[in-house]
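Novice: Contents of structure-v4.txt (compact mmCIF, C-alpha atoms) are given next:
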```txt
# COMPACT_ATOMS: atom_id res chain seq x y z
CA MET A 40 0.00 0.00 0.00
CA THR A 41 1.14 3.54 -0.79
CA ASP A 42 1.84 5.94 2.09
CA ILE A 43 -0.88 8.57 2.32
CA GLU A 44 -1.80 11.87 3.94
CA ALA A 45 -5.35 12.69 5.01
CA GLU A 46 -7.25 15.61 6.55
CA PHE A 47 -10.54 17.45 6.64
CA VAL A 48 -10.52 20.40 4.22
CA HIS A 49 -12.81 23.27 3.24
CA ILE A 50 -13.47 23.90 -0.44
CA ALA A 51 -15.56 26.89 -1.54
CA GLY A 52 -17.43 26.81 1.77
CA LEU A 53 -17.93 23.02 1.69
CA ARG A 54 -16.46 20.66 4.27
CA ALA A 55 -14.78 17.61 2.72
CA TYR A 56 -12.21 14.95 3.54
CA LEU A 57 -9.10 14.49 1.44
CA ALA A 58 -6.88 11.41 1.40
CA ARG A 59 -4.10 11.19 -1.14
CA PRO A 60 -0.86 9.37 -1.84
CA LEU A 61 2.32 11.07 -0.68
CA GLY A 62 3.91 12.46 -3.80
CA GLY A 63 0.57 13.04 -5.49
CA ALA A 64 -1.55 11.23 -8.06
CA THR A 65 -3.09 11.83 -11.46
CA GLY A 66 -6.28 9.89 -10.79
CA GLY A 67 -8.95 10.54 -8.21
CA MET A 68 -12.34 9.51 -6.88
CA LEU A 69 -15.16 11.60 -5.45
CA LEU A 70 -16.70 9.63 -2.57
CA LEU A 71 -20.40 10.02 -1.75
CA PRO A 72 -21.15 8.57 1.71
CA MET A 73 -24.15 6.70 3.01
CA ILE A 74 -26.34 8.12 5.78
CA THR A 75 -23.37 7.98 8.18
CA GLY A 76 -21.67 10.98 6.57
CA ILE A 77 -17.90 11.24 6.83
CA ASP A 78 -17.57 8.83 9.73
CA ALA A 79 -14.66 6.57 10.61
CA GLN A 80 -15.65 3.88 8.12
CA VAL A 81 -16.02 6.30 5.21
CA ARG A 82 -12.62 7.76 6.06
CA GLU A 83 -11.30 4.19 5.98
CA TYR A 84 -12.73 3.76 2.47
CA ALA A 85 -10.90 6.95 1.45
CA HIS A 86 -7.66 5.67 2.96
CA ASP A 87 -8.02 2.34 1.13
CA ILE A 88 -8.48 4.15 -2.18
CA ALA A 89 -5.57 6.52 -1.52
CA GLY A 90 -3.44 3.52 -0.59
CA THR A 91 -3.81 2.22 -4.15
CA GLY A 92 -2.36 5.45 -5.55
CA VAL A 93 -5.65 7.27 -6.22
CA THR A 94 -6.65 10.55 -4.54
CA ALA A 95 -9.94 10.34 -2.59
CA LEU A 96 -12.07 13.43 -1.99
CA VAL A 97 -15.16 12.87 0.18
CA TRP A 98 -18.33 14.96 -0.09
CA ASP A 99 -20.01 15.77 3.22
CA PRO A 100 -23.80 15.53 2.82
CA TRP A 101 -24.46 16.83 6.35
CA HIS A 102 -21.87 19.63 6.56
CA GLY A 103 -20.45 18.42 9.85
CA PRO A 104 -22.49 15.74 11.62
CA SER A 105 -21.70 12.06 11.11
CA ALA A 106 -22.32 8.71 12.75
CA ASP A 107 -19.26 9.44 14.89
CA ASP A 108 -21.17 12.06 16.88
CA SER A 109 -24.85 11.93 15.85
CA SER A 110 -27.63 9.38 16.31
CA ARG A 111 -29.13 7.53 13.38
CA GLU A 112 -32.46 9.28 14.08
CA GLU A 113 -30.77 12.66 13.67
CA LEU A 114 -29.13 11.58 10.44
CA VAL A 115 -32.43 10.21 9.08
CA GLU A 116 -33.98 13.64 9.62
CA LEU A 117 -31.12 15.26 7.72
CA MET A 118 -31.50 12.74 4.90
CA ARG A 119 -35.16 13.66 4.46
CA ASP A 120 -34.13 17.24 3.72
CA LEU A 121 -31.54 16.44 1.03
CA ASP A 122 -32.22 18.17 -2.28
CA ASP A 123 -31.00 16.38 -5.41
CA GLU A 124 -30.06 19.50 -7.36
CA LYS A 125 -28.28 21.12 -4.42
CA CYS A 126 -26.30 17.93 -3.85
CA LEU A 127 -25.25 17.79 -7.49
CA ALA A 128 -24.13 21.42 -7.36
CA GLU A 129 -21.95 20.70 -4.34
CA MET A 130 -20.44 17.66 -6.06
CA ALA A 131 -19.68 19.75 -9.16
CA THR A 132 -17.81 22.21 -6.92
CA LEU A 133 -15.69 19.36 -5.55
CA LEU A 134 -15.02 18.06 -9.06
CA ASP A 135 -13.89 21.56 -10.09
CA HIS A 136 -11.45 21.48 -7.17
CA ALA A 137 -10.24 17.99 -8.09
CA PHE A 138 -9.43 18.98 -11.66
CA GLY A 139 -8.22 22.44 -10.71
CA GLU A 140 -6.29 22.80 -7.46
CA LEU A 141 -5.58 19.07 -7.10
CA ARG A 142 -4.52 18.83 -10.76
CA LEU A 143 -6.12 15.45 -11.30
CA GLU A 144 -6.42 14.18 -14.86
CA LYS A 145 -9.19 11.59 -14.37
CA VAL A 146 -11.81 11.55 -11.62
CA GLY A 147 -14.52 8.97 -11.01
CA VAL A 148 -17.30 8.76 -8.44
CA ILE A 149 -18.19 6.08 -5.91
CA GLY A 150 -21.20 6.11 -3.61
CA TRP A 151 -22.83 3.91 -1.00
CA CYS A 152 -26.60 3.67 -0.40
CA LEU A 153 -27.91 7.26 -0.82
CA GLY A 154 -24.51 8.11 -2.31
CA GLY A 155 -24.79 5.19 -4.74
CA ARG A 156 -27.99 6.63 -6.16
CA LEU A 157 -26.43 10.08 -6.45
CA ALA A 158 -23.30 8.64 -8.09
CA LEU A 159 -25.39 7.32 -10.97
CA ILE A 160 -27.10 10.69 -11.39
CA LEU A 161 -23.84 12.63 -11.21
CA GLY A 162 -22.29 10.31 -13.78
CA ALA A 163 -25.13 11.15 -16.13
CA ARG A 164 -25.02 14.88 -15.49
CA ASP A 165 -21.26 15.51 -15.55
CA THR A 166 -19.33 14.22 -18.55
CA ARG A 167 -16.01 14.73 -16.73
CA VAL A 168 -16.67 11.66 -14.59
CA ALA A 169 -14.38 8.78 -15.60
CA ASN A 170 -16.30 5.97 -13.86
CA VAL A 171 -19.27 5.32 -11.60
CA VAL A 172 -19.28 2.80 -8.73
CA ALA A 173 -22.63 2.34 -7.00
CA TYR A 174 -22.66 0.21 -3.86
CA HIS A 175 -26.17 -1.03 -3.01
CA PRO A 176 -27.74 2.23 -4.26
CA SER A 177 -30.89 3.43 -2.49
CA ILE A 178 -33.32 3.49 -5.41
CA ALA A 179 -36.79 2.90 -4.02
CA VAL A 180 -40.13 2.56 -5.80
CA PRO A 181 -42.04 4.72 -5.15
CA PRO A 182 -39.23 7.22 -4.58
CA ALA A 183 -38.84 9.32 -1.47
CA PRO A 184 -40.54 12.74 -1.81
CA ASN A 185 -37.18 14.52 -2.05
CA HIS A 186 -35.86 12.18 -4.75
CA THR A 187 -36.89 14.35 -7.66
CA ILE A 188 -34.55 12.79 -10.24
CA ASP A 189 -35.11 9.31 -11.66
CA ALA A 190 -31.79 7.53 -11.08
CA VAL A 191 -32.65 4.53 -13.28
CA GLU A 192 -33.57 6.73 -16.24
CA GLN A 193 -30.50 8.91 -15.72
CA ALA A 194 -28.21 5.87 -15.62
CA GLY A 195 -28.85 5.43 -19.32
CA HIS A 196 -27.04 8.72 -19.97
CA VAL A 197 -23.78 7.76 -18.23
CA ALA A 198 -21.02 7.56 -20.83
CA ALA A 199 -18.36 6.21 -18.47
CA PRO A 200 -17.85 2.63 -17.28
CA VAL A 201 -20.23 1.68 -14.45
CA MET A 202 -19.97 -0.91 -11.68
CA VAL A 203 -23.06 -1.69 -9.59
CA LEU A 204 -22.77 -3.91 -6.51
CA HIS A 205 -26.25 -5.15 -5.65
CA ALA A 206 -27.41 -6.72 -2.41
CA GLY A 207 -29.51 -9.75 -3.30
CA ALA A 208 -31.74 -9.29 -0.23
CA ASP A 209 -31.99 -5.50 -0.59
CA THR A 210 -35.29 -4.17 0.74
CA ILE A 211 -34.79 -0.68 -0.75
CA MET A 212 -33.71 -1.38 -4.35
CA ARG A 213 -35.75 -4.49 -5.00
CA ALA A 214 -35.08 -7.09 -7.67
CA GLU A 215 -37.39 -5.54 -10.26
CA THR A 216 -35.77 -2.12 -9.89
CA PHE A 217 -32.31 -3.66 -10.12
CA ALA A 218 -33.35 -5.50 -13.29
CA ASN A 219 -34.56 -2.20 -14.79
CA LEU A 220 -31.31 -0.48 -13.82
CA GLN A 221 -29.24 -3.28 -15.31
CA ALA A 222 -31.23 -3.22 -18.56
CA THR A 223 -30.90 0.56 -18.79
CA LEU A 224 -27.14 0.41 -18.32
CA GLN A 225 -26.70 -2.41 -20.81
CA GLN A 226 -28.60 -0.48 -23.50
CA ARG A 227 -26.03 2.33 -23.46
CA GLU A 228 -23.92 2.86 -26.57
CA THR A 229 -20.77 3.71 -24.59
CA GLY A 230 -19.36 2.68 -21.24
CA ALA A 231 -18.81 -0.83 -19.93
CA THR A 232 -21.40 -2.21 -17.51
CA ILE A 233 -20.27 -4.44 -14.65
CA THR A 234 -22.94 -5.67 -12.25
CA HIS A 235 -22.38 -7.83 -9.18
CA VAL A 236 -25.15 -9.61 -7.30
CA TYR A 237 -24.51 -10.91 -3.79
CA PRO A 238 -27.29 -13.39 -2.93
CA GLY A 239 -28.62 -13.01 0.59
CA ALA A 240 -26.61 -9.85 1.29
CA GLU A 241 -28.56 -7.00 2.85
CA HIS A 242 -28.80 -3.34 1.89
CA GLY A 243 -25.70 -1.63 3.23
CA PHE A 244 -23.66 -4.84 3.32
CA SER A 245 -20.44 -2.84 3.05
CA SER A 246 -21.02 -1.37 6.52
CA ARG A 247 -19.23 -3.00 9.45
CA ASP A 248 -22.44 -2.57 11.45
CA ARG A 249 -23.95 -5.29 9.25
CA HIS A 250 -21.03 -7.70 9.32
CA GLY A 251 -22.49 -9.66 12.20
CA ASN A 252 -24.30 -11.40 9.36
CA PRO A 253 -21.56 -13.48 7.67
CA VAL A 254 -23.27 -13.12 4.28
CA ASN A 255 -22.75 -9.35 4.44
CA ALA A 256 -19.17 -9.65 5.64
CA ASP A 257 -18.35 -12.13 2.87
CA ALA A 258 -20.00 -9.92 0.22
CA TYR A 259 -17.90 -6.96 1.29
CA ALA A 260 -14.71 -9.04 1.43
CA VAL A 261 -15.26 -10.19 -2.16
CA SER A 262 -16.54 -6.91 -3.59
CA TRP A 263 -14.17 -4.29 -2.19
CA PRO A 264 -10.93 -5.55 -3.80
CA GLN A 265 -12.74 -5.75 -7.15
CA ALA A 266 -14.10 -2.22 -6.75
CA LEU A 267 -10.59 -0.96 -5.97
CA SER A 268 -9.24 -2.72 -9.05
CA PHE A 269 -11.97 -1.22 -11.25
CA ILE A 270 -11.20 2.23 -9.85
CA GLY A 271 -7.50 1.87 -10.62
CA GLU A 272 -8.10 0.64 -14.16
CA THR A 273 -10.40 3.56 -14.99
CA VAL A 274 -8.71 6.58 -13.39
CA LYS A 275 -4.98 5.89 -13.31
CA SER A 276 -3.11 7.27 -16.31
```
Kindly present the structure from the file in structure tokens form.
Specialist:
Amino acid sequence: MTDIEAEFVHIAGLRAYLARPLGGATGGMLLLPMITGIDAQVREYAHDIAGTGVTALVWDPWHGPSADDSSREELVELMRDLDDEKCLAEMATLLDHAFGELRLEKVGVIGWCLGGRLALILGARDTRVANVVAYHPSIAVPPAPNHTIDAVEQAGHVAAPVMVLHAGADTIMRAETFANLQATLQQRETGATITHVYPGAEHGFSSRDRHGNPVNADAYAVSWPQALSFIGETVKS
């Protein structure tokens, strides 16, 4: 693993977390957390990515709070107030910083749960994105009231390679929705589509909080090295 440096940073008024290889990198990933925000586990994801030689810049959906210091009930309330367009604008600001001040040449996006859904939308909206990795994305039918953008429809407009890691026992993105997402991605004219299905794994299987169930722990153990490999192949020059 590459030696890294990591710290919380402020970019155009936005709080973020930056982990990068010592000596710099040409490739990067924008990380979109789950409901936990930038907690210890999400920082660990960033460190893992940076350790492979790829800069990791983490968006903060809650502008401060995280599972490190806030209850799940508090974070659920914050999640209900998220606005799709405002989130995308903040992510665009972080991408500007990645290509500008950080001097990255290729930048992809990876998200978990709520971040997985937003990663697909961002990949459709911003042509600068070099890849999209969506871990058990939270795409419900019917959608939450504040989910004003159709992530499945938007996925068809992603030009970059996409990897989706689906929990077979997901109770948020159910099998029919996953099938629609997969069909939409496979009908694209550009961009490879890689889909993983982990039978019996639950929504959020990447979270340590769910690893008491061996199926979830095994799914994460198999999926994460492959996600890291995909990231390296698509953003490293």
Novice: For Ala240 of chain A, which residue among A:Gln193, A:Thr210, A:Thr41, A:Thr223 is the nearest when counting all atoms listed in the file?
Specialist: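 Among the listed residues, A:Thr210 lies closest to Ala240 of chain A.
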Novice: Please report, as JSON lines, each residue of segment 114-230 of chain A lying at most 12 Å from segment 70-90 of chain A, together with the nearest pair of atoms and the separation in Å rounded to one decimal; use only C-alpha atoms, and order rows by chain and ascending residue number.
Specialist:
```
{"residue": "A:Leu114", "atom": "CA", "partner": "A:Ile74", "partner_atom": "CA", "distance": 6.4}
{"residue": "A:Val115", "atom": "CA", "partner": "A:Ile74", "partner_atom": "CA", "distance": 7.2}
{"residue": "A:Glu116", "atom": "CA", "partner": "A:Ile74", "partner_atom": "CA", "distance": 10.2}
{"residue": "A:Leu117", "atom": "CA", "partner": "A:Ile74", "partner_atom": "CA", "distance": 8.8}
{"residue": "A:Met118", "atom": "CA", "partner": "A:Ile74", "partner_atom": "CA", "distance": 7.0}
{"residue": "A:Arg119", "atom": "CA", "partner": "A:Ile74", "partner_atom": "CA", "distance": 10.5}
{"residue": "A:Leu121", "atom": "CA", "partner": "A:Ile74", "partner_atom": "CA", "distance": 10.9}
{"residue": "A:Cys126", "atom": "CA", "partner": "A:Leu71", "partner_atom": "CA", "distance": 10.1}
{"residue": "A:Leu127", "atom": "CA", "partner": "A:Leu71", "partner_atom": "CA", "distance": 10.8}
{"residue": "A:Glu129", "atom": "CA", "partner": "A:Leu71", "partner_atom": "CA", "distance": 11.1}
{"residue": "A:Met130", "atom": "CA", "partner": "A:Leu71", "partner_atom": "CA", "distance": 8.8}
{"residue": "A:Leu133", "atom": "CA", "partner": "A:Leu70", "partner_atom": "CA", "distance": 10.2}
{"residue": "A:Leu134", "atom": "CA", "partner": "A:Leu70", "partner_atom": "CA", "distance": 10.8}
{"residue": "A:Ala137", "atom": "CA", "partner": "A:Leu70", "partner_atom": "CA", "distance": 11.9}
{"residue": "A:Val146", "atom": "CA", "partner": "A:Leu70", "partner_atom": "CA", "distance": 10.5}
{"residue": "A:Gly147", "atom": "CA", "partner": "A:Leu70", "partner_atom": "CA", "distance": 8.7}
{"residue": "A:Val148", "atom": "CA", "partner": "A:Leu70", "partner_atom": "CA", "distance": 6.0}
{"residue": "A:Ile149", "atom": "CA", "partner": "A:Leu70", "partner_atom": "CA", "distance": 5.1}
{"residue": "A:Gly150", "atom": "CA", "partner": "A:Leu71", "partner_atom": "CA", "distance": 4.4}
{"residue": "A:Trp151", "atom": "CA", "partner": "A:Met73", "partner_atom": "CA", "distance": 5.1}
{"residue": "A:Cys152", "atom": "CA", "partner": "A:Met73", "partner_atom": "CA", "distance": 5.2}
{"residue": "A:Leu153", "atom": "CA", "partner": "A:Met73", "partner_atom": "CA", "distance": 5.4}
{"residue": "A:Gly154", "atom": "CA", "partner": "A:Leu71", "partner_atom": "CA", "distance": 4.6}
{"residue": "A:Gly155", "atom": "CA", "partner": "A:Leu71", "partner_atom": "CA", "distance": 7.2}
{"residue": "A:Arg156", "atom": "CA", "partner": "A:Leu71", "partner_atom": "CA", "distance": 9.4}
{"residue": "A:Leu157", "atom": "CA", "partner": "A:Leu71", "partner_atom": "CA", "distance": 7.6}
{"residue": "A:Ala158", "atom": "CA", "partner": "A:Leu71", "partner_atom": "CA", "distance": 7.1}
{"residue": "A:Leu159", "atom": "CA", "partner": "A:Leu71", "partner_atom": "CA", "distance": 10.8}
{"residue": "A:Ile160", "atom": "CA", "partner": "A:Leu71", "partner_atom": "CA", "distance": 11.8}
{"residue": "A:Leu161", "atom": "CA", "partner": "A:Leu71", "partner_atom": "CA", "distance": 10.4}
{"residue": "A:Asn170", "atom": "CA", "partner": "A:Leu70", "partner_atom": "CA", "distance": 11.9}
{"residue": "A:Val171", "atom": "CA", "partner": "A:Leu70", "partner_atom": "CA", "distance": 10.3}
{"residue": "A:Val172", "atom": "CA", "partner": "A:Leu70", "partner_atom": "CA", "distance": 9.6}
{"residue": "A:Ala173", "atom": "CA", "partner": "A:Leu71", "partner_atom": "CA", "distance": 9.6}
{"residue": "A:Tyr174", "atom": "CA", "partner": "A:Met73", "partner_atom": "CA", "distance": 9.6}
{"residue": "A:His175", "atom": "CA", "partner": "A:Met73", "partner_atom": "CA", "distance": 10.0}
{"residue": "A:Pro176", "atom": "CA", "partner": "A:Met73", "partner_atom": "CA", "distance": 9.3}
{"residue": "A:Ser177", "atom": "CA", "partner": "A:Met73", "partner_atom": "CA", "distance": 9.3}
```
Novice: Selected residues, C-alpha atoms, written as a compact mmCIF listing (two decimals), keeping the file's coordinate frame, please.
Specialist:
```txt
# COMPACT_ATOMS: atom_id res chain seq x y z
CA LEU A 114 -29.13 11.58 10.44
CA VAL A 115 -32.43 10.21 9.08
CA GLU A 116 -33.98 13.64 9.62
CA LEU A 117 -31.12 15.26 7.72
CA MET A 118 -31.50 12.74 4.90
CA ARG A 119 -35.16 13.66 4.46
CA LEU A 121 -31.54 16.44 1.03
CA CYS A 126 -26.30 17.93 -3.85
CA LEU A 127 -25.25 17.79 -7.49
CA GLU A 129 -21.95 20.70 -4.34
CA MET A 130 -20.44 17.66 -6.06
CA LEU A 133 -15.69 19.36 -5.55
CA LEU A 134 -15.02 18.06 -9.06
CA ALA A 137 -10.24 17.99 -8.09
CA VAL A 146 -11.81 11.55 -11.62
CA GLY A 147 -14.52 8.97 -11.01
CA VAL A 148 -17.30 8.76 -8.44
CA ILE A 149 -18.19 6.08 -5.91
CA GLY A 150 -21.20 6.11 -3.61
CA TRP A 151 -22.83 3.91 -1.00
CA CYS A 152 -26.60 3.67 -0.40
CA LEU A 153 -27.91 7.26 -0.82
CA GLY A 154 -24.51 8.11 -2.31
CA GLY A 155 -24.79 5.19 -4.74
CA ARG A 156 -27.99 6.63 -6.16
CA LEU A 157 -26.43 10.08 -6.45
CA ALA A 158 -23.30 8.64 -8.09
CA LEU A 159 -25.39 7.32 -10.97
CA ILE A 160 -27.10 10.69 -11.39
CA LEU A 161 -23.84 12.63 -11.21
CA ASN A 170 -16.30 5.97 -13.86
CA VAL A 171 -19.27 5.32 -11.60
CA VAL A 172 -19.28 2.80 -8.73
CA ALA A 173 -22.63 2.34 -7.00
CA TYR A 174 -22.66 0.21 -3.86
CA HIS A 175 -26.17 -1.03 -3.01
CA PRO A 176 -27.74 2.23 -4.26
CA SER A 177 -30.89 3.43 -2.49
```
Novice: Using only C-alpha atoms, which residue out of A:Leu220, A:Leu53, A:Ala256, A:Val203 lies closest to Val236 of chain A?
Specialist: A:Val203
Novice: Kindly indicate which residue among A:Pro253, A:Val180, A:Tyr237, A:Asp248 lies nearest to Asn219 of chain A, using all atoms listed in the file for the distances.
Specialist: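 Once distances to Asn219 of chain A are computed over all atoms listed in the file, the minimum belongs to A:Val180.
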Novice: With a distance cut-off of 10 Å and all atoms listed in the file, select the neighbouring residues of Ala169 of chain A, excluding the residue or stretch itself and same-chain residues fewer than 2 positions from it, and output the selection as a PyMOL selection string.
Specialist: chain A and resi 66-68+144-148+162+165-167+171+197-201+230+270+273-274
Novice: Check the smallest atom-to-atom distance from each of A:Gly243, A:Gly251, A:Gly207, A:Gly63 to Gly92 of chain A using all atoms listed in the file, then report the winner.
Specialist: A:Gly63
Novice: Between A:Val261, A:Ala231, A:Ala183, A:Val191, which residue has the minimum interatomic distance to Ala163 of chain A, considering only C-alpha atoms?
Specialist: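 So, comparing all the options, the nearest one is A:Val191.
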Novice: Between atom CA of Ala55 of chain A and atom CA of Ser268 of chain A, measure the distance and give it in Å to one decimal.
Specialist: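 Computing it gives 24.1 Å between the two atoms.
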Novice: Measure the distance from atom CA of Ala45 of chain A to atom CA of Arg59 of chain A in Å and round it to one decimal.
Specialist: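 Computing the Euclidean distance for atom CA of Ala45 of chain A and atom CA of Arg59 of chain A yields 6.5 Å.
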Novice: Interatomic distance between atom CA of Lys275 of chain A and atom CA of Phe138 of chain A?
Specialist: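 Computed distance, atom CA of Lys275 of chain A to atom CA of Phe138 of chain A, equals 13.9 Å.
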Novice: First collect every listed atom of segment 249-262 of chain A; then fit an axis-aligned box around them, widen it by 3 Å on each side, and give centre and edge lengths in Å to one decimal, as AutoDock Vina command-line options.
Specialist:
```
--center_x -19.5 --center_y -9.4 --center_z 4.3 --size_x 15.6 --size_y 14.2 --size_z 21.8
```
Novice: Pick out the closest residue to Val48 of chain A from this set: A:Trp98, A:Phe244, A:Phe269, A:Phe217. Count all atoms listed in the file.
Specialist: A:Trp98
Novice: Taking 2 positions as the minimum chain separation for residues in the same chain, which residues sit within 10 Å of Pro184 of chain A when counting only C-alpha atoms? Answer as a ChimeraX atom specification.
Specialist: /A:119-120,122,181-182,186-187
